[in-house]
Every structure is written in structure tokens, then in C-alpha cells.
$ cat structure-v6.pdb   # PDB, C-alpha atoms
ATOM      1  CA  MET A 221     106.598  39.825 -93.969
ATOM      2  CA  LYS A 222     109.870  39.415 -92.064
ATOM      3  CA  LYS A 223     108.376  41.187 -89.042
ATOM      4  CA  PHE A 224     105.332  38.909 -89.103
ATOM      5  CA  SER A 225     107.490  35.773 -89.362
ATOM      6  CA  GLY A 226     109.677  37.036 -86.533
ATOM      7  CA  LEU A 227     106.671  37.696 -84.322
ATOM      8  CA  VAL A 228     105.246  34.262 -85.047
ATOM      9  CA  LEU A 229     108.586  32.675 -84.146
ATOM     10  CA  ILE A 230     108.870  34.663 -80.914
ATOM     11  CA  PHE A 231     105.300  33.909 -79.799
ATOM     12  CA  SER A 232     105.651  30.239 -80.714
ATOM     13  CA  THR A 233     108.830  29.995 -78.666
ATOM     14  CA  LEU A 234     107.195  31.717 -75.688
ATOM     15  CA  LEU A 235     104.137  29.499 -75.946
ATOM     16  CA  LEU A 236     106.151  26.301 -76.066
ATOM     17  CA  THR A 237     108.500  27.285 -73.253
ATOM     18  CA  SER A 238     105.634  28.345 -70.996
ATOM     19  CA  CYS A 239     103.915  24.976 -71.285
ATOM     20  CA  TRP A 240     104.965  22.219 -68.967
ATOM     21  CA  ILE A 241     104.674  18.862 -70.652
ATOM     22  CA  GLN A 242     105.033  15.868 -68.380
ATOM     23  CA  PRO A 243     105.659  12.523 -70.039
ATOM     24  CA  GLN A 244     103.391   9.739 -68.901
ATOM     25  CA  SER A 245     105.153   6.706 -67.521
ATOM     26  CA  GLU A 246     104.139   3.277 -68.739
ATOM     27  CA  ASN A 247     105.539   1.670 -65.581
ATOM     28  CA  TYR A 248     102.218   1.131 -63.787
ATOM     29  CA  GLU A 249      99.161  -1.078 -63.582
ATOM     30  CA  LEU A 250      95.619   0.291 -63.525
ATOM     31  CA  LEU A 251      93.133  -1.782 -61.537
ATOM     32  CA  ASP A 252      89.633  -0.299 -61.282
ATOM     33  CA  ASP A 253      90.142   3.296 -60.087
ATOM     34  CA  THR A 254      93.674   2.813 -58.756
ATOM     35  CA  TYR A 255      97.091   3.098 -60.397
ATOM     36  CA  TYR A 256      99.897   0.949 -58.928
ATOM     37  CA  PHE A 257     103.579   1.861 -59.289
ATOM     38  CA  TYR A 258     106.933   0.277 -58.527
ATOM     39  CA  ASP A 259     108.785   3.579 -57.962
ATOM     40  CA  TYR A 260     108.273   7.204 -56.947
ATOM     41  CA  ASP A 261     109.298   8.754 -60.272
ATOM     42  CA  ALA A 262     106.789   6.668 -62.230
ATOM     43  CA  MET A 263     104.084   7.530 -59.676
ATOM     44  CA  LYS A 264     104.902  11.226 -59.920
ATOM     45  CA  SER A 265     104.967  11.271 -63.736
ATOM     46  CA  VAL A 266     101.397   9.960 -63.876
ATOM     47  CA  THR A 267      99.994  11.636 -60.758
ATOM     48  CA  VAL A 268     100.999  15.227 -61.576
ATOM     49  CA  PRO A 269      98.914  15.349 -64.798
ATOM     50  CA  LEU A 270      96.044  13.606 -62.968
ATOM     51  CA  ILE A 271      96.108  16.299 -60.280
ATOM     52  CA  ASN A 272      96.167  19.053 -62.896
ATOM     53  CA  ASP A 273      93.260  17.451 -64.790
ATOM     54  CA  THR A 274      91.201  16.713 -61.674
ATOM     55  CA  PHE A 275      91.701  20.092 -60.036
ATOM     56  CA  THR A 276      91.855  22.323 -63.106
ATOM     57  CA  ASP A 277      92.816  25.465 -61.208
ATOM     58  CA  TRP A 278      95.880  23.741 -59.695
ATOM     59  CA  HIS A 279      99.022  23.833 -61.803
ATOM     60  CA  TYR A 280     101.486  21.393 -60.309
ATOM     61  CA  GLY A 281     104.891  20.672 -61.762
ATOM     62  CA  LYS A 282     107.411  18.115 -60.532
ATOM     63  CA  SER A 283     108.925  20.313 -57.819
ATOM     64  CA  LYS A 284     105.571  21.626 -56.577
ATOM     65  CA  PHE A 285     104.283  18.058 -56.344
ATOM     66  CA  ASP A 286     107.354  17.009 -54.328
ATOM     67  CA  LYS A 287     106.851  19.932 -51.955
ATOM     68  CA  ARG A 288     103.100  19.300 -51.498
ATOM     69  CA  TYR A 289     103.577  15.549 -51.147
ATOM     70  CA  LYS A 290     106.033  16.127 -48.290
ATOM     71  CA  GLU A 291     103.722  18.735 -46.755
ATOM     72  CA  TYR A 292     100.617  16.506 -46.878
ATOM     73  CA  TYR A 293     102.460  13.221 -46.162
ATOM     74  CA  GLY A 294     100.481  11.130 -43.684
ATOM     75  CA  ASN A 295      97.416  13.400 -43.705
ATOM     76  CA  ILE A 296      95.136  10.355 -44.108
ATOM     77  CA  ASP A 297      95.315   6.702 -43.179
ATOM     78  CA  ALA A 298      96.557   4.282 -45.812
ATOM     79  CA  ASN A 299      93.836   2.858 -48.029
ATOM     80  CA  GLU A 300      93.655  -0.700 -46.704
ATOM     81  CA  ASP A 301      92.376  -2.180 -49.982
ATOM     82  CA  ASN A 302      95.216  -0.571 -51.916
ATOM     83  CA  LEU A 303      97.769  -1.515 -49.271
ATOM     84  CA  SER A 304      96.902  -5.197 -49.538
ATOM     85  CA  VAL A 305      97.405  -5.088 -53.340
ATOM     86  CA  ILE A 306     100.727  -3.272 -52.829
ATOM     87  CA  GLU A 307     101.907  -5.938 -50.391
ATOM     88  CA  GLU A 308     100.729  -8.875 -52.510
ATOM     89  CA  ASN A 309     102.334  -7.633 -55.735
ATOM     90  CA  GLY A 310     105.468  -5.777 -54.624
ATOM     91  CA  PHE A 311     104.308  -2.308 -55.650
ATOM     92  CA  SER A 312     105.623   0.788 -53.884
ATOM     93  CA  TYR A 313     102.691   3.182 -54.431
ATOM     94  CA  ALA A 314      98.967   3.138 -55.127
ATOM     95  CA  VAL A 315      97.135   6.206 -56.396
ATOM     96  CA  LYS A 316      93.354   6.027 -56.068
ATOM     97  CA  ILE A 317      91.302   8.600 -57.932
ATOM     98  CA  ASN A 318      87.704   8.870 -56.905
ATOM     99  CA  THR A 319      84.846  10.962 -55.685
ATOM    100  CA  SER A 320      83.962  10.552 -52.054
ATOM    101  CA  SER A 321      80.729   8.625 -51.768
ATOM    102  CA  LYS A 322      81.342   7.835 -48.126
ATOM    103  CA  THR A 323      82.986   9.695 -45.296
ATOM    104  CA  VAL A 324      86.723   9.908 -45.884
ATOM    105  CA  SER A 325      88.375  11.774 -43.052
ATOM    106  CA  LEU A 326      91.787  13.320 -42.728
ATOM    107  CA  ASN A 327      94.105  12.752 -39.802
ATOM    108  CA  ASP A 328      93.670  16.209 -38.364
ATOM    109  CA  SER A 329      92.286  17.696 -35.208
ATOM    110  CA  ARG A 330      89.403  19.281 -37.120
ATOM    111  CA  ASN A 331      88.103  15.936 -38.457
ATOM    112  CA  THR A 332      87.995  17.258 -42.018
ATOM    113  CA  VAL A 333      85.757  15.218 -44.312
ATOM    114  CA  ILE A 334      86.477  14.935 -48.049
ATOM    115  CA  GLN A 335      83.270  15.626 -49.938
ATOM    116  CA  ASN A 336      84.390  15.781 -53.565
ATOM    117  CA  LYS A 337      87.093  14.379 -55.822
ATOM    118  CA  TYR A 338      90.337  13.189 -54.322
ATOM    119  CA  ILE A 339      93.640  11.573 -55.211
ATOM    120  CA  TRP A 340      94.669   9.195 -52.426
ATOM    121  CA  ILE A 341      98.259   7.962 -52.433
ATOM    122  CA  THR A 342      99.206   4.974 -50.299
ATOM    123  CA  ASN A 343     102.808   3.826 -50.080
ATOM    124  CA  SER A 344     104.309   0.468 -49.210
ATOM    125  CA  GLN A 345     105.204   1.725 -45.708
ATOM    126  CA  GLY A 346     101.489   2.074 -44.966
ATOM    127  CA  VAL A 347     101.383   5.881 -45.110
ATOM    128  CA  GLY A 348      98.495   7.645 -46.818
ATOM    129  CA  THR A 349      98.531  11.068 -48.453
ATOM    130  CA  VAL A 350      95.509  12.691 -50.073
ATOM    131  CA  PHE A 351      95.068  15.654 -52.404
ATOM    132  CA  PHE A 352      91.523  17.062 -52.494
ATOM    133  CA  LYS A 353      89.353  20.141 -52.724
ATOM    134  CA  ASN A 354      86.024  20.526 -50.959
TER     135      ASN A 354
END

$ encode --input "structure-v6.pdb" --output "C-alpha cells"
Amino acid sequence: MKKFSGLVLIFSTLLLTSCWIQPQSENYELLDDTYYFYDYDAMKSVTVPLINDTFTDWHYGKSKFDKRYKEYYGNIDANEDNLSVIEENGFSYAVKINTSSKTVSLNDSRNTVIQNKYIWITNSQGVGTVFFKN
């Protein structure tokens, strides 16, 4: 019985330490399909789980998100609708989650078109960044 209890304790510890649990921030406003944030940390705490849920084979944590956000920064124009709400209300970030029903193109030489789900981040400086999978 002691061996069984010990094994249960060991496996429970491994299971809990292998899971990454990201707390959701309450420091945002949700308008239609877009989340609006006043700061980067609040945006990240909500966006990382959204990315992991939307693209189920991606497993982003805080540091991986930071790295990818820097890597993809400016890969799409700012969402003009979101940018106007940011400017009018003093937000710092907008995160739009949607499925492309129209042509949404990246700022690249290949003219890549997003055809499926995407997460489009626009910041108050007018820079757009999009995460997607075609």
C-alpha cells in the first residue's frame, strides 16, 4: 500500500508540474470578437491561452509568446477598426480573434493570405501582429 501511495504521489507531482497554468487577467474589455487591454502583461495573460485553444497543436508559454511576438511583430497592418477603439479609449492593445472571411494579407513579399483562424494583435503605436495557421 505504501508503494502505491508513493507512486500516486510521484505521478501527481509530475502531472501538476508538467502542466502550465496561466491565470486569466480581468484587466480587459471584450467588444464583439476583440479583447482590449491597457497593458502588455494583461494582454499576454489572456492571449496565450487563446492561442493554445485556437491552435491546439501549439503549446505557447509566456516566454515562447514573447519570442514569437517579437519575431512576428509588424507582419500585418494594424486593424484600423481596432486601432480607432484603442485611440478613443486609451487602450494599449487589441486582440481580434476570428476566421478569415475576406482576404487578410501579411506584409511579406510572398503576399501570404490568411485563410483560416487568426489572432490579430494591434498596438497603440499602430503596429499589427498576427498569429495564424493556414

$ atom_distance --input "structure-v6.pdb" --atom1 "atom CA of Val315 of chain A" --atom2 "atom CA of Asp277 of chain A"
20.3 Å

$ closest_atom_pairs --input "structure-v6.pdb" --of "segment 322-345 of chain A" --to "segment 261-276 of chain A" --cutoff "12 Å" --atoms "all atoms listed in the file" --output "JSON lines"
{"residue": "A:Asn336", "atom": "CA", "partner": "A:Thr274", "partner_atom": "CA", "distance": 10.6}
{"residue": "A:Lys337", "atom": "CA", "partner": "A:Thr274", "partner_atom": "CA", "distance": 7.5}
{"residue": "A:Tyr338", "atom": "CA", "partner": "A:Thr274", "partner_atom": "CA", "distance": 8.2}
{"residue": "A:Ile339", "atom": "CA", "partner": "A:Ile271", "partner_atom": "CA", "distance": 7.4}
{"residue": "A:Trp340", "atom": "CA", "partner": "A:Thr267", "partner_atom": "CA", "distance": 10.2}
{"residue": "A:Ile341", "atom": "CA", "partner": "A:Thr267", "partner_atom": "CA", "distance": 9.3}
{"residue": "A:Thr342", "atom": "CA", "partner": "A:Met263", "partner_atom": "CA", "distance": 10.9}
{"residue": "A:Asn343", "atom": "CA", "partner": "A:Met263", "partner_atom": "CA", "distance": 10.4}

$ resolve_selection --input "structure-v6.pdb" --expression "the PyMOL selection byres ((chain A and resi 255) around 9)" --output "PyMOL selection string"
chain A and resi 248-254+256-257+263+266+313-317

$ resolve_selection --input "structure-v6.pdb" --expression "the PyMOL selection byres ((chain A and resi 294) around 6)" --output "PDB file with C-alpha atoms, in the coordinates of the input"
ATOM      1  CA  TYR A 293     102.460  13.221 -46.162  1.00  0.00           C
ATOM      2  CA  ASN A 295      97.416  13.400 -43.705  1.00  0.00           C
ATOM      3  CA  ILE A 296      95.136  10.355 -44.108  1.00  0.00           C
ATOM      4  CA  VAL A 347     101.383   5.881 -45.110  1.00  0.00           C
ATOM      5  CA  GLY A 348      98.495   7.645 -46.818  1.00  0.00           C
ATOM      6  CA  THR A 349      98.531  11.068 -48.453  1.00  0.00           C
TER       7      THR A 349
END

$ atom_distance --input "structure-v6.pdb" --atom1 "atom CA of Gln335 of chain A" --atom2 "atom CA of His279 of chain A"
21.4 Å

$ atom_distance --input "structure-v6.pdb" --atom1 "atom CA of Ser312 of chain A" --atom2 "atom CA of Val333 of chain A"
26.4 Å

$ residues_around --input "structure-v6.pdb" --residues "Ser344 of chain A" --least-positions-apart "5" --cutoff "10 Å" --atoms "all atoms listed in the file" --output "PDB file with C-alpha atoms, in the coordinates of the input"
ATOM      1  CA  TYR A 258     106.933   0.277 -58.527  1.00  0.00           C
ATOM      2  CA  ALA A 298      96.557   4.282 -45.812  1.00  0.00           C
ATOM      3  CA  ASN A 302      95.216  -0.571 -51.916  1.00  0.00           C
ATOM      4  CA  LEU A 303      97.769  -1.515 -49.271  1.00  0.00           C
ATOM      5  CA  SER A 304      96.902  -5.197 -49.538  1.00  0.00           C
ATOM      6  CA  VAL A 305      97.405  -5.088 -53.340  1.00  0.00           C
ATOM      7  CA  ILE A 306     100.727  -3.272 -52.829  1.00  0.00           C
ATOM      8  CA  GLU A 307     101.907  -5.938 -50.391  1.00  0.00           C
ATOM      9  CA  GLY A 310     105.468  -5.777 -54.624  1.00  0.00           C
ATOM     10  CA  PHE A 311     104.308  -2.308 -55.650  1.00  0.00           C
ATOM     11  CA  SER A 312     105.623   0.788 -53.884  1.00  0.00           C
ATOM     12  CA  TYR A 313     102.691   3.182 -54.431  1.00  0.00           C
ATOM     13  CA  ALA A 314      98.967   3.138 -55.127  1.00  0.00           C
TER      14      ALA A 314
END

$ decode --input "structure-v6.pdb" --residues "segment 264-285 of chain A" --atoms "N, CA, C and O atoms" --output "PDB file, in the first residue's frame"
ATOM      1  N   LYS A 264      -0.990  39.530 -22.654  1.00  0.00           N
ATOM      2  CA  LYS A 264      -0.316  38.236 -22.761  1.00  0.00           C
ATOM      3  C   LYS A 264      -1.031  37.163 -21.940  1.00  0.00           C
ATOM      4  O   LYS A 264      -1.194  36.035 -22.403  1.00  0.00           O
ATOM      5  N   SER A 265      -1.507  37.516 -20.748  1.00  0.00           N
ATOM      6  CA  SER A 265      -2.124  36.500 -19.883  1.00  0.00           C
ATOM      7  C   SER A 265      -3.427  35.962 -20.454  1.00  0.00           C
ATOM      8  O   SER A 265      -3.815  34.838 -20.162  1.00  0.00           O
ATOM      9  N   VAL A 266      -4.090  36.728 -21.301  1.00  0.00           N
ATOM     10  CA  VAL A 266      -5.312  36.259 -21.947  1.00  0.00           C
ATOM     11  C   VAL A 266      -5.005  35.648 -23.317  1.00  0.00           C
ATOM     12  O   VAL A 266      -5.596  34.641 -23.697  1.00  0.00           O
ATOM     13  N   THR A 267      -4.074  36.228 -24.035  1.00  0.00           N
ATOM     14  CA  THR A 267      -3.785  35.798 -25.404  1.00  0.00           C
ATOM     15  C   THR A 267      -3.115  34.434 -25.477  1.00  0.00           C
ATOM     16  O   THR A 267      -3.430  33.629 -26.366  1.00  0.00           O
ATOM     17  N   VAL A 268      -2.210  34.129 -24.558  1.00  0.00           N
ATOM     18  CA  VAL A 268      -1.515  32.836 -24.602  1.00  0.00           C
ATOM     19  C   VAL A 268      -2.511  31.670 -24.539  1.00  0.00           C
ATOM     20  O   VAL A 268      -2.461  30.771 -25.380  1.00  0.00           O
ATOM     21  N   PRO A 269      -3.449  31.648 -23.575  1.00  0.00           N
ATOM     22  CA  PRO A 269      -4.426  30.550 -23.584  1.00  0.00           C
ATOM     23  C   PRO A 269      -5.314  30.551 -24.829  1.00  0.00           C
ATOM     24  O   PRO A 269      -5.705  29.495 -25.318  1.00  0.00           O
ATOM     25  N   LEU A 270      -5.621  31.734 -25.367  1.00  0.00           N
ATOM     26  CA  LEU A 270      -6.419  31.799 -26.601  1.00  0.00           C
ATOM     27  C   LEU A 270      -5.667  31.166 -27.769  1.00  0.00           C
ATOM     28  O   LEU A 270      -6.255  30.458 -28.576  1.00  0.00           O
ATOM     29  N   ILE A 271      -4.376  31.433 -27.854  1.00  0.00           N
ATOM     30  CA  ILE A 271      -3.554  30.825 -28.908  1.00  0.00           C
ATOM     31  C   ILE A 271      -3.542  29.311 -28.743  1.00  0.00           C
ATOM     32  O   ILE A 271      -3.731  28.567 -29.702  1.00  0.00           O
ATOM     33  N   ASN A 272      -3.326  28.841 -27.527  1.00  0.00           N
ATOM     34  CA  ASN A 272      -3.267  27.405 -27.279  1.00  0.00           C
ATOM     35  C   ASN A 272      -4.604  26.726 -27.555  1.00  0.00           C
ATOM     36  O   ASN A 272      -4.640  25.582 -28.010  1.00  0.00           O
ATOM     37  N   ASP A 273      -5.711  27.407 -27.281  1.00  0.00           N
ATOM     38  CA  ASP A 273      -7.037  26.845 -27.565  1.00  0.00           C
ATOM     39  C   ASP A 273      -7.369  26.890 -29.053  1.00  0.00           C
ATOM     40  O   ASP A 273      -7.984  25.982 -29.593  1.00  0.00           O
ATOM     41  N   THR A 274      -6.981  27.967 -29.722  1.00  0.00           N
ATOM     42  CA  THR A 274      -7.293  28.133 -31.137  1.00  0.00           C
ATOM     43  C   THR A 274      -6.461  27.208 -32.010  1.00  0.00           C
ATOM     44  O   THR A 274      -6.967  26.609 -32.952  1.00  0.00           O
ATOM     45  N   PHE A 275      -5.188  27.119 -31.709  1.00  0.00           N
ATOM     46  CA  PHE A 275      -4.271  26.276 -32.467  1.00  0.00           C
ATOM     47  C   PHE A 275      -3.819  25.164 -31.521  1.00  0.00           C
ATOM     48  O   PHE A 275      -2.775  25.270 -30.889  1.00  0.00           O
ATOM     49  N   THR A 276      -4.604  24.112 -31.425  1.00  0.00           N
ATOM     50  CA  THR A 276      -4.435  23.114 -30.369  1.00  0.00           C
ATOM     51  C   THR A 276      -3.106  22.367 -30.412  1.00  0.00           C
ATOM     52  O   THR A 276      -2.707  21.783 -29.413  1.00  0.00           O
ATOM     53  N   ASP A 277      -2.404  22.406 -31.524  1.00  0.00           N
ATOM     54  CA  ASP A 277      -1.109  21.731 -31.559  1.00  0.00           C
ATOM     55  C   ASP A 277       0.039  22.686 -31.224  1.00  0.00           C
ATOM     56  O   ASP A 277       1.188  22.291 -31.220  1.00  0.00           O
ATOM     57  N   TRP A 278      -0.275  23.957 -30.930  1.00  0.00           N
ATOM     58  CA  TRP A 278       0.725  24.904 -30.457  1.00  0.00           C
ATOM     59  C   TRP A 278       0.665  24.886 -28.947  1.00  0.00           C
ATOM     60  O   TRP A 278      -0.414  24.826 -28.359  1.00  0.00           O
ATOM     61  N   HIS A 279       1.800  24.970 -28.300  1.00  0.00           N
ATOM     62  CA  HIS A 279       1.843  24.979 -26.842  1.00  0.00           C
ATOM     63  C   HIS A 279       2.720  26.148 -26.406  1.00  0.00           C
ATOM     64  O   HIS A 279       3.900  25.980 -26.147  1.00  0.00           O
ATOM     65  N   TYR A 280       2.129  27.325 -26.386  1.00  0.00           N
ATOM     66  CA  TYR A 280       2.868  28.520 -26.024  1.00  0.00           C
ATOM     67  C   TYR A 280       2.822  28.739 -24.525  1.00  0.00           C
ATOM     68  O   TYR A 280       1.806  28.543 -23.888  1.00  0.00           O
ATOM     69  N   GLY A 281       3.932  29.159 -23.979  1.00  0.00           N
ATOM     70  CA  GLY A 281       4.031  29.651 -22.619  1.00  0.00           C
ATOM     71  C   GLY A 281       4.389  31.123 -22.710  1.00  0.00           C
ATOM     72  O   GLY A 281       4.489  31.684 -23.802  1.00  0.00           O
ATOM     73  N   LYS A 282       4.595  31.755 -21.565  1.00  0.00           N
ATOM     74  CA  LYS A 282       4.899  33.189 -21.554  1.00  0.00           C
ATOM     75  C   LYS A 282       6.133  33.527 -22.379  1.00  0.00           C
ATOM     76  O   LYS A 282       6.105  34.434 -23.203  1.00  0.00           O
ATOM     77  N   SER A 283       7.225  32.802 -22.172  1.00  0.00           N
ATOM     78  CA  SER A 283       8.470  33.141 -22.867  1.00  0.00           C
ATOM     79  C   SER A 283       8.383  32.839 -24.362  1.00  0.00           C
ATOM     80  O   SER A 283       8.921  33.584 -25.178  1.00  0.00           O
ATOM     81  N   LYS A 284       7.713  31.764 -24.733  1.00  0.00           N
ATOM     82  CA  LYS A 284       7.568  31.447 -26.158  1.00  0.00           C
ATOM     83  C   LYS A 284       6.698  32.507 -26.837  1.00  0.00           C
ATOM     84  O   LYS A 284       6.976  32.917 -27.963  1.00  0.00           O
ATOM     85  N   PHE A 285       5.655  32.970 -26.147  1.00  0.00           N
ATOM     86  CA  PHE A 285       4.833  34.028 -26.713  1.00  0.00           C
ATOM     87  C   PHE A 285       5.665  35.287 -26.929  1.00  0.00           C
ATOM     88  O   PHE A 285       5.602  35.904 -27.996  1.00  0.00           O
TER      89      PHE A 285
END
